[in-house]
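Q: Hey, dropping run15.txt in here, compact mmCIF, C-alpha atoms:
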# COMPACT_ATOMS: atom_id res chain seq x y z
CA MET A 1 84.33 65.20 115.15
CA ARG A 2 80.85 65.66 116.53
CA ASP A 3 77.71 65.43 114.36
CA GLN A 4 77.27 68.82 112.71
CA ASN A 5 73.61 68.08 111.95
CA SER A 6 72.56 67.40 115.53
CA ALA A 7 69.49 69.22 116.77
CA SER A 8 69.51 72.43 118.76
CA VAL A 9 66.95 74.69 120.38
CA ALA A 10 65.28 76.69 117.60
CA THR A 11 64.99 80.47 117.69
CA PRO A 12 61.89 82.22 116.25
CA GLU A 13 63.96 82.98 113.15
CA ALA A 14 64.77 79.29 112.69
CA LEU A 15 61.09 78.37 112.90
CA GLN A 16 60.48 80.23 109.65
CA LEU A 17 63.14 78.23 107.81
CA ASP A 18 63.54 74.48 107.44
CA ILE A 19 67.09 74.41 108.77
CA ALA A 20 67.38 70.63 108.50
CA ALA A 21 66.43 70.75 104.80
CA LEU A 22 68.78 73.66 104.14
CA ARG A 23 71.63 71.77 105.79
CA ALA A 24 70.79 68.63 103.82
CA ASP A 25 71.13 70.79 100.69
CA THR A 26 74.58 71.88 101.88
CA PRO A 27 77.11 69.01 101.75
CA GLY A 28 79.76 71.02 103.58
CA CYS A 29 77.66 71.05 106.76
CA ARG A 30 78.62 67.41 107.22
CA GLN A 31 82.32 68.24 107.19
CA VAL A 32 82.91 71.55 108.96
CA ILE A 33 81.40 74.31 111.03
CA HIS A 34 81.54 76.93 108.33
CA PHE A 35 81.83 80.39 109.89
CA ASN A 36 83.58 81.92 106.90
CA ASN A 37 80.56 82.93 104.84
CA ALA A 38 81.99 86.44 104.53
CA GLY A 39 84.79 84.74 102.60
CA CYS A 40 82.89 82.07 100.69
CA GLY A 41 79.50 80.62 101.51
CA LEU A 42 79.10 76.86 101.24
CA LEU A 43 77.64 75.83 97.89
CA ALA A 44 74.15 74.40 97.92
CA ALA A 45 73.57 71.19 95.97
CA PRO A 46 71.60 72.88 93.13
CA VAL A 47 74.53 75.23 92.50
CA LEU A 48 76.97 72.34 92.30
CA THR A 49 74.62 70.41 90.02
CA ALA A 50 74.25 73.33 87.62
CA MET A 51 78.00 73.84 87.34
CA VAL A 52 79.06 70.22 87.04
CA GLY A 53 76.26 69.54 84.59
CA HIS A 54 77.45 72.30 82.30
CA LEU A 55 81.09 71.20 82.46
CA ASN A 56 79.99 67.71 81.52
CA LEU A 57 78.03 69.15 78.61
CA GLU A 58 81.07 71.14 77.44
CA ALA A 59 83.14 67.95 77.55
CA ARG A 60 80.57 66.08 75.48
CA ILE A 61 79.64 68.59 72.78
CA GLY A 62 82.09 71.52 72.98
CA GLY A 63 82.23 74.84 74.79
CA TYR A 64 80.55 77.09 72.21
CA GLU A 65 77.87 74.52 71.56
CA ALA A 66 77.20 74.01 75.27
CA SER A 67 76.75 77.73 75.90
CA ALA A 68 74.32 77.94 72.98
CA ALA A 69 72.37 74.97 74.34
CA ARG A 70 72.14 76.62 77.77
CA ALA A 71 71.32 80.13 76.53
CA ASP A 72 68.06 80.24 78.46
CA GLY A 73 69.85 79.28 81.66
CA VAL A 74 72.49 81.93 81.09
CA ARG A 75 69.80 84.59 80.69
CA GLU A 76 68.46 83.56 84.08
CA PHE A 77 71.62 84.98 85.66
CA TYR A 78 70.35 88.43 84.69
CA THR A 79 66.69 87.88 85.47
CA GLU A 80 67.39 86.32 88.88
CA LEU A 81 69.81 89.05 89.96
CA ALA A 82 67.51 91.76 88.62
CA ALA A 83 64.69 90.37 90.75
CA LEU A 84 67.05 90.14 93.76
CA ILE A 85 67.97 93.84 93.74
CA ASN A 86 64.85 95.35 92.08
CA THR A 87 66.07 96.31 88.64
CA THR A 88 65.88 94.97 85.07
CA PRO A 89 68.13 92.39 83.40
CA ASP A 90 69.49 95.12 81.10
CA ASN A 91 70.97 96.88 84.14
CA ILE A 92 73.06 93.85 85.22
CA ALA A 93 76.56 92.96 83.98
CA PHE A 94 78.40 89.77 84.89
CA ALA A 95 81.92 90.20 86.28
CA GLY A 96 84.62 87.76 87.28
CA SER A 97 84.74 89.36 90.73
CA ALA A 98 83.39 92.32 92.63
CA THR A 99 86.80 93.96 92.37
CA HIS A 100 86.71 93.56 88.59
CA ALA A 101 83.22 95.07 88.51
CA TYR A 102 84.36 97.94 90.75
CA ALA A 103 87.43 98.65 88.58
CA ASN A 104 85.30 98.63 85.43
CA ALA A 105 82.89 101.05 87.05
CA LEU A 106 85.70 103.39 88.11
CA SER A 107 87.29 103.21 84.66
CA SER A 108 84.08 104.57 83.11
CA ILE A 109 84.32 107.82 85.07
CA PRO A 110 86.33 110.53 83.26
CA PHE A 111 88.34 111.71 86.26
CA GLU A 112 90.39 114.88 85.92
CA SER A 113 93.00 116.47 88.14
CA GLY A 114 91.32 118.15 91.08
CA ASP A 115 88.22 115.94 91.05
CA THR A 116 87.13 114.67 94.46
CA ILE A 117 86.18 111.16 95.53
CA LEU A 118 84.16 111.26 98.74
CA THR A 119 84.16 108.01 100.67
CA THR A 120 84.08 106.66 104.22
CA ARG A 121 86.63 105.36 106.71
CA ASP A 122 85.00 101.90 106.62
CA ASP A 123 85.63 101.01 103.01
CA PHE A 124 87.00 97.85 101.41
CA VAL A 125 90.79 97.75 101.06
CA SER A 126 90.84 97.21 97.29
CA ASN A 127 88.52 100.17 96.76
CA GLN A 128 90.81 102.41 98.79
CA ILE A 129 93.86 101.20 96.87
CA ALA A 130 92.04 101.94 93.61
CA PHE A 131 91.32 105.49 94.81
CA LEU A 132 94.96 105.96 95.74
CA SER A 133 95.95 104.73 92.27
CA LEU A 134 93.59 107.29 90.73
CA ARG A 135 95.17 109.97 92.88
CA LYS A 136 98.63 108.94 91.73
CA ARG A 137 97.67 108.84 88.06
CA PHE A 138 95.12 111.64 87.70
CA GLY A 139 95.58 113.86 90.73
CA VAL A 140 92.13 113.29 92.21
CA ARG A 141 91.51 114.18 95.84
CA ILE A 142 90.27 111.58 98.31
CA VAL A 143 88.08 112.88 101.14
CA HIS A 144 86.95 110.60 103.96
CA ALA A 145 83.79 111.46 105.85
CA PRO A 146 84.21 111.25 109.64
CA ASN A 147 82.65 108.58 111.82
CA THR A 148 80.29 109.06 114.74
CA PRO A 149 81.48 108.18 118.25
CA GLU A 150 79.17 105.16 118.13
CA GLY A 151 80.85 103.86 114.97
CA GLY A 152 80.03 104.17 111.29
CA VAL A 153 79.88 107.17 109.03
CA ASP A 154 78.44 110.46 110.20
CA VAL A 155 75.89 110.93 107.41
CA PRO A 156 75.06 114.63 108.08
CA ALA A 157 78.79 115.41 108.04
CA MET A 158 79.15 113.42 104.82
CA ALA A 159 76.26 115.35 103.28
CA GLU A 160 77.95 118.62 104.21
CA LEU A 161 81.14 117.38 102.49
CA MET A 162 79.05 116.65 99.41
CA ARG A 163 77.85 120.24 99.34
CA THR A 164 81.33 121.64 100.03
CA HIS A 165 83.36 119.53 97.60
CA ARG A 166 80.79 118.59 94.91
CA PRO A 167 82.63 115.28 94.47
CA ARG A 168 82.94 113.58 91.10
CA LEU A 169 82.09 110.34 92.89
CA VAL A 170 80.56 109.35 96.22
CA SER A 171 81.39 105.81 97.32
CA ALA A 172 80.35 103.66 100.27
CA THR A 173 80.71 100.03 101.27
CA HIS A 174 77.47 98.64 102.67
CA VAL A 175 79.13 96.12 105.02
CA PRO A 176 82.96 96.29 105.26
CA THR A 177 84.88 93.05 105.19
CA ASN A 178 86.70 93.72 108.47
CA SER A 179 83.76 94.33 110.81
CA GLY A 180 80.03 93.81 111.31
CA LEU A 181 79.16 97.46 110.65
CA VAL A 182 76.17 98.16 108.38
CA THR A 183 76.53 101.50 106.62
CA PRO A 184 73.26 103.42 105.96
CA VAL A 185 73.74 103.45 102.20
CA ALA A 186 70.16 104.51 101.43
CA GLU A 187 70.49 107.54 103.67
CA ILE A 188 73.70 108.51 101.85
CA GLY A 189 71.92 107.88 98.57
CA ARG A 190 69.17 110.36 99.38
CA HIS A 191 71.72 113.14 99.71
CA CYS A 192 73.43 112.07 96.48
CA ARG A 193 70.13 112.23 94.59
CA GLU A 194 69.33 115.66 95.98
CA LEU A 195 72.69 116.95 94.72
CA GLU A 196 72.74 114.80 91.54
CA LEU A 197 76.04 113.20 92.50
CA LEU A 198 77.33 109.93 91.06
CA TYR A 199 77.03 107.21 93.72
CA LEU A 200 78.84 103.84 93.80
CA VAL A 201 78.01 101.17 96.42
CA ASP A 202 80.04 98.08 97.28
CA ALA A 203 77.51 95.44 98.38
CA CYS A 204 79.83 92.44 98.56
CA GLN A 205 78.94 91.45 102.12
CA SER A 206 75.27 92.40 101.99
CA VAL A 207 74.06 90.64 98.84
CA GLY A 208 72.55 87.37 100.01
CA GLN A 209 72.47 88.55 103.62
CA TYR A 210 69.93 91.40 103.37
CA PRO A 211 67.21 92.37 100.90
CA LEU A 212 68.63 95.01 98.56
CA ASP A 213 66.70 97.51 96.46
CA VAL A 214 68.81 99.71 94.22
CA GLU A 215 65.93 102.15 93.85
CA GLU A 216 65.71 102.56 97.60
CA ILE A 217 69.50 102.84 97.92
CA GLY A 218 69.56 105.44 95.17
CA CYS A 219 72.87 104.29 93.72
CA ASP A 220 74.08 104.74 90.15
CA LEU A 221 76.44 101.78 90.34
CA LEU A 222 76.53 98.78 92.66
CA THR A 223 79.05 95.94 92.77
CA ALA A 224 78.98 92.58 94.50
CA THR A 225 80.39 89.10 94.46
CA CYS A 226 78.34 85.92 94.26
CA ARG A 227 80.63 83.76 96.38
CA LYS A 228 79.91 85.13 99.86
CA PHE A 229 76.46 85.25 101.47
CA LEU A 230 74.81 84.58 98.10
CA ARG A 231 76.56 81.17 98.18
CA GLY A 232 77.60 81.20 94.54
CA PRO A 233 80.84 79.97 92.99
CA ARG A 234 84.19 81.69 93.17
CA GLY A 235 85.12 83.83 90.18
CA SER A 236 81.68 85.41 89.90
CA GLY A 237 80.26 88.84 90.60
CA PHE A 238 78.13 91.51 89.02
CA LEU A 239 77.76 95.21 88.39
CA TYR A 240 74.48 97.09 88.50
CA VAL A 241 74.39 100.14 86.19
CA SER A 242 71.53 102.61 86.45
CA ASP A 243 69.59 103.90 83.45
CA ARG A 244 70.94 107.37 84.24
CA VAL A 245 74.51 106.16 83.84
CA LEU A 246 73.72 104.24 80.66
CA ARG A 247 71.97 107.24 79.10
CA ALA A 248 74.90 109.49 80.02
CA GLY A 249 77.20 107.26 77.95
CA TYR A 250 79.47 105.89 80.68
CA GLU A 251 81.51 102.96 79.43
CA PRO A 252 84.57 101.05 80.69
CA LEU A 253 87.97 102.20 79.54
CA PHE A 254 88.76 98.92 77.78
CA ILE A 255 85.47 98.06 76.11
CA ASP A 256 85.50 95.02 73.82
CA MET A 257 83.50 93.40 71.01
CA HIS A 258 80.85 92.20 73.44
CA GLY A 259 80.24 95.67 74.88
CA ALA A 260 80.46 97.64 71.66
CA ARG A 261 79.98 97.38 67.90
CA TRP A 262 82.79 98.34 65.52
CA THR A 263 80.70 100.52 63.23
CA ALA A 264 83.45 101.85 60.92
CA PRO A 265 87.27 101.66 60.72
CA GLY A 266 87.54 104.67 63.01
CA SER A 267 84.52 104.36 65.28
CA TYR A 268 82.50 102.10 67.58
CA ARG A 269 79.17 102.27 69.39
CA PRO A 270 78.60 100.91 72.91
CA VAL A 271 75.63 98.61 73.34
CA GLY A 272 72.69 100.19 75.11
CA THR A 273 72.66 97.93 78.18
CA ALA A 274 74.98 97.13 81.07
CA ALA A 275 76.50 94.49 78.79
CA ARG A 276 78.90 97.24 77.69
CA PHE A 277 80.70 96.52 81.00
CA GLU A 278 81.14 92.83 80.17
CA GLU A 279 83.70 91.02 78.05
CA TRP A 280 83.09 88.47 75.33
CA GLU A 281 84.53 85.49 77.18
CA PHE A 282 82.36 84.02 79.95
CA PRO A 283 82.89 81.14 82.40
CA TYR A 284 79.50 79.70 81.55
CA ALA A 285 79.45 77.03 84.26
CA THR A 286 80.11 79.78 86.79
CA VAL A 287 77.36 81.99 85.35
CA LEU A 288 74.89 79.10 85.57
CA GLY A 289 76.02 78.34 89.12
CA SER A 290 75.54 81.99 90.09
CA ALA A 291 72.04 81.96 88.62
CA ALA A 292 71.25 78.85 90.64
CA ALA A 293 72.64 80.43 93.81
CA THR A 294 70.56 83.57 93.34
CA ARG A 295 67.44 81.54 92.67
CA TYR A 296 68.15 79.47 95.78
CA ALA A 297 68.51 82.58 97.96
CA ARG A 298 65.28 84.02 96.62
CA ASN A 299 63.47 80.74 97.29
CA VAL A 300 64.78 80.65 100.86
CA GLY A 301 63.63 84.25 101.24
CA LEU A 302 65.81 87.29 101.86
CA GLU A 303 63.57 88.61 104.62
CA ALA A 304 63.93 85.36 106.57
CA ILE A 305 67.68 85.26 105.89
CA ALA A 306 68.02 88.87 107.06
CA ARG A 307 66.37 87.96 110.36
CA ARG A 308 68.23 84.73 111.06
CA THR A 309 71.79 85.39 109.89
CA PRO A 310 72.48 88.57 111.92
CA ALA A 311 70.70 86.98 114.88
CA LEU A 312 73.16 84.09 114.87
CA ALA A 313 76.01 86.61 114.72
CA ALA A 314 74.51 88.58 117.63
CA ARG A 315 74.35 85.40 119.68
CA LEU A 316 78.01 84.68 118.89
CA ARG A 317 79.04 88.27 119.64
CA SER A 318 77.25 88.13 122.98
CA ARG A 319 78.98 84.90 123.93
CA LEU A 320 82.43 86.18 122.95
CA GLU A 321 81.99 89.40 124.90
CA THR A 322 82.01 87.34 128.10
CA VAL A 323 85.34 85.61 127.33
CA PRO A 324 88.29 87.05 129.30
CA GLY A 325 91.10 88.04 126.94
CA VAL A 326 88.79 88.52 123.95
CA ARG A 327 87.89 91.99 122.66
CA VAL A 328 84.94 92.10 120.26
CA LEU A 329 85.63 94.85 117.74
CA ASP A 330 82.33 95.41 115.94
CA ARG A 331 80.85 98.88 116.44
CA GLY A 332 77.87 100.73 115.06
CA PRO A 333 74.12 101.10 115.52
CA ARG A 334 73.39 98.10 113.28
CA LEU A 335 75.58 95.02 112.94
CA ALA A 336 75.65 92.31 110.28
CA ALA A 337 76.74 88.68 110.41
CA LEU A 338 80.46 89.45 110.56
CA VAL A 339 81.89 89.04 114.06
CA THR A 340 85.44 90.26 114.59
CA PHE A 341 87.50 89.98 117.73
CA ALA A 342 91.05 90.47 118.93
CA VAL A 343 92.91 88.19 121.33
CA ASP A 344 94.67 90.35 123.89
CA ARG A 345 97.47 88.00 124.77
CA GLY A 346 99.35 84.83 124.00
CA TRP A 347 98.51 84.14 120.37
CA GLN A 348 99.84 85.08 116.95
CA PRO A 349 97.31 85.22 114.14
CA GLN A 350 98.18 82.21 112.00
CA PRO A 351 98.57 79.72 114.88
CA PHE A 352 95.22 80.86 116.31
CA LYS A 353 93.45 80.29 113.00
CA GLU A 354 95.21 76.94 112.58
CA ALA A 355 93.96 75.92 116.01
CA MET A 356 90.42 76.78 114.90
CA ASP A 357 90.97 74.84 111.67
CA ALA A 358 92.07 71.82 113.71
CA ARG A 359 88.66 71.93 115.38
CA ASN A 360 86.94 71.92 111.96
CA ILE A 361 85.85 75.53 112.41
CA ASN A 362 86.31 77.71 109.34
CA SER A 363 87.24 81.34 109.99
CA ALA A 364 89.28 84.15 108.44
CA LEU A 365 92.01 86.54 109.52
CA SER A 366 91.98 90.29 108.95
CA PHE A 367 95.04 92.52 109.30
CA ARG A 368 95.66 96.23 109.72
CA GLU A 369 96.63 96.54 106.06
CA PHE A 370 93.04 95.52 105.20
CA ALA A 371 91.52 98.36 107.25
CA GLN A 372 94.03 101.08 108.03
CA PHE A 373 91.49 103.53 109.47
CA ASP A 374 89.31 101.07 111.34
CA PHE A 375 92.11 98.99 112.85
CA GLY A 376 94.09 102.12 113.62
CA ASP A 377 91.12 103.51 115.56
CA LYS A 378 90.72 100.21 117.40
CA ASP A 379 94.47 99.82 117.94
CA VAL A 380 94.68 96.26 116.65
CA ASP A 381 97.04 94.66 114.15
CA TRP A 382 94.93 91.58 113.46
CA CYS A 383 91.64 89.96 114.31
CA LEU A 384 89.76 86.76 113.63
CA ARG A 385 86.53 87.05 111.67
CA LEU A 386 83.65 84.62 112.18
CA SER A 387 80.65 84.87 109.85
CA PRO A 388 77.73 82.47 110.28
CA HIS A 389 74.86 82.13 107.82
CA TYR A 390 71.26 80.96 107.98
CA TYR A 391 72.14 77.26 107.57
CA ASN A 392 74.33 77.34 110.68
CA THR A 393 72.78 76.36 114.00
CA GLU A 394 72.64 77.87 117.45
CA GLU A 395 74.49 74.82 118.71
CA GLU A 396 77.32 75.59 116.30
CA VAL A 397 77.43 79.18 117.53
CA ASP A 398 77.83 78.00 121.11
CA HIS A 399 80.41 75.39 120.13
CA VAL A 400 82.50 78.01 118.31
CA ALA A 401 82.32 80.42 121.25
CA ASP A 402 83.43 77.62 123.59
CA ALA A 403 86.33 76.77 121.28
CA VAL A 404 87.52 80.39 121.26
CA ALA A 405 87.29 80.54 125.05
CA GLU A 406 89.27 77.33 125.40
CA LEU A 407 92.03 78.51 123.08
CA VAL A 408 92.32 81.88 124.81
CA ARG A 409 92.59 80.18 128.18
CA GLN A 410 95.36 77.96 126.86
CA GLY A 411 97.32 80.93 125.52
CA ARG A 412 100.39 80.26 123.43
Have the structure of the file written as structure tokens, please.

A:
Amino acid sequence: MRDQNSASVATPEALQLDIAALRADTPGCRQVIHFNNAGCGLLAAPVLTAMVGHLNLEARIGGYEASAARADGVREFYTELAALINTTPDNIAFAGSATHAYANALSSIPFESGDTILTTRDDFVSNQIAFLSLRKRFGVRIVHAPNTPEGGVDVPAMAELMRTHRPRLVSATHVPTNSGLVTPVAEIGRHCRELELLYLVDACQSVGQYPLDVEEIGCDLLTATCRKFLRGPRGSGFLYVSDRVLRAGYEPLFIDMHGARWTAPGSYRPVGTAARFEEWEFPYATVLGSAAATRYARNVGLEAIARRTPALAARLRSRLETVPGVRVLDRGPRLAALVTFAVDRGWQPQPFKEAMDARNINSALSFREFAQFDFGDKDVDWCLRLSPHYYNTEEEVDHVADAVAELVRQGR
């Protein structure tokens, strides 16, 4: 295997970041070309240190005692994430995953038969399945806003659907998992605020890749994972809950002793913060690792990350567009660091990914069942997803593009 830390020609974006230092902080860079940051980002050394250190402490003194000893560090999970998305610690709830956070958020909404959920055609698969489950159980209607010919949601048409249907919930995914599309969530949010509609945003693929400001987005609820572009550990995520939602008394369906107080044999009172969406049991090493990952991202600088990471993806997309037999699938006026492409002939999905794995290139597969609307429109059954991050190099981008071209030429 070639040296993954070898030098390359620096772009203007790279000049604002110490790429060599960032790669030295990232042990995985010595092992693989990691282009699966939309799946899991590589852990930075401070994240690993925080997690292993806490597990060692638990082994020495006990789990309850270790969490008490690290209480200040645990609180930093909330303060760091609050600073990352421009809110207060009281508006942040830890979750074991973004899907868990999303389900808890949905469970707090008192849906009734005939209520409408207004969403887009470029949503995350688990969100769409959850909506279908709500339709099956409660009889809610699901309305999908149309896309523009260029790709991505038609916001004026979506706003008209808001006025027509007065939906119980408006939902959008900022960056879908199956393409590089960036949805204009703040523009959608402006219409929601004008009509006082409840607005839920899935920010799984944008947290850690772009600066996020929940006030600018105008959302009532926002969910994300920590394991992707934020480079936190698996099994971690969070839910942002606005003051408006807290004041209105929204609470998860299955609230527990951490989120509420049992005030009398027949009554309870939810706590006043987003902690009402949490449970009593916490994976404290994971929480501390997530705090360290958030702090690391903020120290690197989200503005610099937001310039470099999509630029690396644009370079990769441009290279792949010249490869015969490769069809780049990403569409829309603004594209993130998720590059998806279909191979027109000769390969089945798993063997193609395995061939990339054999070259020490990490990637991910997406299938039509992950994106029924999007893949139906594009007439593909599967694609390979490549997702670089700021610690990747231009040389790696070119190497990955060359590897794809070589495999496609070989066929299968």

Q: At what distance in Å, to one decimal, does CA of Leu57 (chain A) lie from CA of Ala82 (chain A)?

A: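 Computing it gives 26.9 Å between the two atoms.
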
Q: Considering only C-alpha atoms, state which residue in the set A:Thr49, A:Ser126, A:Ser267, A:Ser387 is at the smallest distance from Ala313 (chain A).

A: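 Of all the options, A:Ser387 lies closest to Ala313 (chain A).
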
Q: A:Asp243, A:Glu80, A:Glu150, A:Asp381: which is nearest Thr294 (chain A), counting only C-alpha atoms?

A: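 Under the stated criterion, the closest residue is A:Glu80.
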
Q: Between region 121-223 of chain A and region 244-264 of chain A, at 10 Å or less, what are the per-residue closest atom pairs and their distances in Å? Count only C-alpha atoms, order by chain and rising residue number, and return it as CSV.

A:
residue,atom,partner,partner_atom,distance
A:Leu198,CA,A:Val245,CA,8.6
A:Asp220,CA,A:Val245,CA,6.5
A:Leu221,CA,A:Val245,CA,8.1

Q: Those same residues, written as a compact mmCIF listing (two decimals), in the frame of the given file with C-alpha atoms?

A:
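Dumped to again16.txt:
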# COMPACT_ATOMS: atom_id res chain seq x y z
CA LEU A 198 77.33 109.93 91.06
CA ASP A 220 74.08 104.74 90.15
CA LEU A 221 76.44 101.78 90.34

Q: Just how far from CA of Leu134 (chain A) is CA of Phe111 (chain A), in Å to one decimal?

A: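 One can read the CA of Phe111 (chain A) to CA of Leu134 (chain A) distance as 8.2 Å.
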
Q: Tell me, as a PyMOL selection string, which residues lie within 9 Å of Val170 (chain A), counting all atoms listed in the file; anything in the same chain fewer than 6 positions away does not count.

A: chain A and resi 116-119+162+188+192+197-201

Q: Check the smallest atom-to-atom distance from each of A:Trp347, A:Tyr390, A:Trp280, A:Tyr240 to Ala105 (chain A) using all atoms listed in the file, then report the winner.

A: A:Tyr240

Q: Rounded to one decimal place, report the CA of Ala355 (chain A)-CA of Ala38 (chain A) distance in Å.

A: 19.6 Å

Q: Write out as a list in words which residues come within 12 Å of Ala68 (chain A) when counting all atoms listed in the file, dropping same-chain ones fewer than 4 positions away.

A: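 Skipping anything fewer than 4 positions along the chain leaves His54, Leu57, Glu58, Ile61, Gly62, Gly63, Tyr64, Asp72, Gly73, Val74, Arg75 and Tyr284 of chain A.
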
Q: Please provide the set of residues having any atom within 12 Å of Gly346 (chain A), restricted to all atoms listed in the file, with same-chain residues fewer than 6 positions apart removed, written as a list in words.

A: Gly325, Val326, Phe352, Leu407, Val408, Arg409, Gln410, Gly411 and Arg412 of chain A

Q: From the options A:Arg121, A:Val287, A:Ala157, A:Gln205, which residue's atoms come nearest to Gly39 (chain A), counting only C-alpha atoms?

A: A:Gln205

Q: A:Leu316, A:Leu338, A:Ala50, A:Ile217: which is nearest Arg295 (chain A), counting all atoms listed in the file?

A: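 Checking each candidate against Arg295 (chain A), we get A:Ala50 as the closest.
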
Q: From the set A:Val52, A:Leu17, A:Ala311, A:Leu302, which residue has the shortest atom-to-atom contact distance to Thr286 (chain A), counting all atoms listed in the file?

A: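 Closest to Thr286 (chain A) of all the choices is A:Val52.
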
Q: Show which residues sit within 6 Å of Ser97 (chain A), as a list in words. Count all atoms listed in the file, and ignore same-chain residues fewer than 4 positions away.

A: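 After dropping sequence-adjacent residues, the list is Thr225, Gly235, Ser236 and Gly237 of chain A.
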
Q: Please identify all polymer residues within 12 Å of His144 (chain A), counting only C-alpha atoms, omitting same-chain residues fewer than 2 positions from it, and present them as a PyMOL selection string.

A: chain A and resi 116-123+128+131+141-142+146-147+152-155+157-159+161-162+165+167+170-172+373

Q: Mind writing the picked residues with C-alpha atoms as a compact mmCIF listing (two decimals), keeping the file's coordinate frame?

A:
# COMPACT_ATOMS: atom_id res chain seq x y z
CA THR A 116 87.13 114.67 94.46
CA ILE A 117 86.18 111.16 95.53
CA LEU A 118 84.16 111.26 98.74
CA THR A 119 84.16 108.01 100.67
CA THR A 120 84.08 106.66 104.22
CA ARG A 121 86.63 105.36 106.71
CA ASP A 122 85.00 101.90 106.62
CA ASP A 123 85.63 101.01 103.01
CA GLN A 128 90.81 102.41 98.79
CA PHE A 131 91.32 105.49 94.81
CA ARG A 141 91.51 114.18 95.84
CA ILE A 142 90.27 111.58 98.31
CA PRO A 146 84.21 111.25 109.64
CA ASN A 147 82.65 108.58 111.82
CA GLY A 152 80.03 104.17 111.29
CA VAL A 153 79.88 107.17 109.03
CA ASP A 154 78.44 110.46 110.20
CA VAL A 155 75.89 110.93 107.41
CA ALA A 157 78.79 115.41 108.04
CA MET A 158 79.15 113.42 104.82
CA ALA A 159 76.26 115.35 103.28
CA LEU A 161 81.14 117.38 102.49
CA MET A 162 79.05 116.65 99.41
CA HIS A 165 83.36 119.53 97.60
CA PRO A 167 82.63 115.28 94.47
CA VAL A 170 80.56 109.35 96.22
CA SER A 171 81.39 105.81 97.32
CA ALA A 172 80.35 103.66 100.27
CA PHE A 373 91.49 103.53 109.47

Q: Can you check which parts of region 311-362 of chain A lie within 8 Å of region 395-402 of chain A? Per residue, the shortest pair of atoms and distance in Å to one decimal, counting only C-alpha atoms, sorted by chain and number, as a Markdown table.

A:
| residue | atom | partner | partner_atom | distance |
| --- | --- | --- | --- | --- |
| A:Leu312 | CA | A:Val397 | CA | 7.0 |
| A:Arg315 | CA | A:Val397 | CA | 7.3 |
| A:Leu316 | CA | A:Val397 | CA | 5.7 |
| A:Arg319 | CA | A:Ala401 | CA | 6.2 |
| A:Leu320 | CA | A:Ala401 | CA | 6.0 |
| A:Ile361 | CA | A:Val400 | CA | 7.2 |
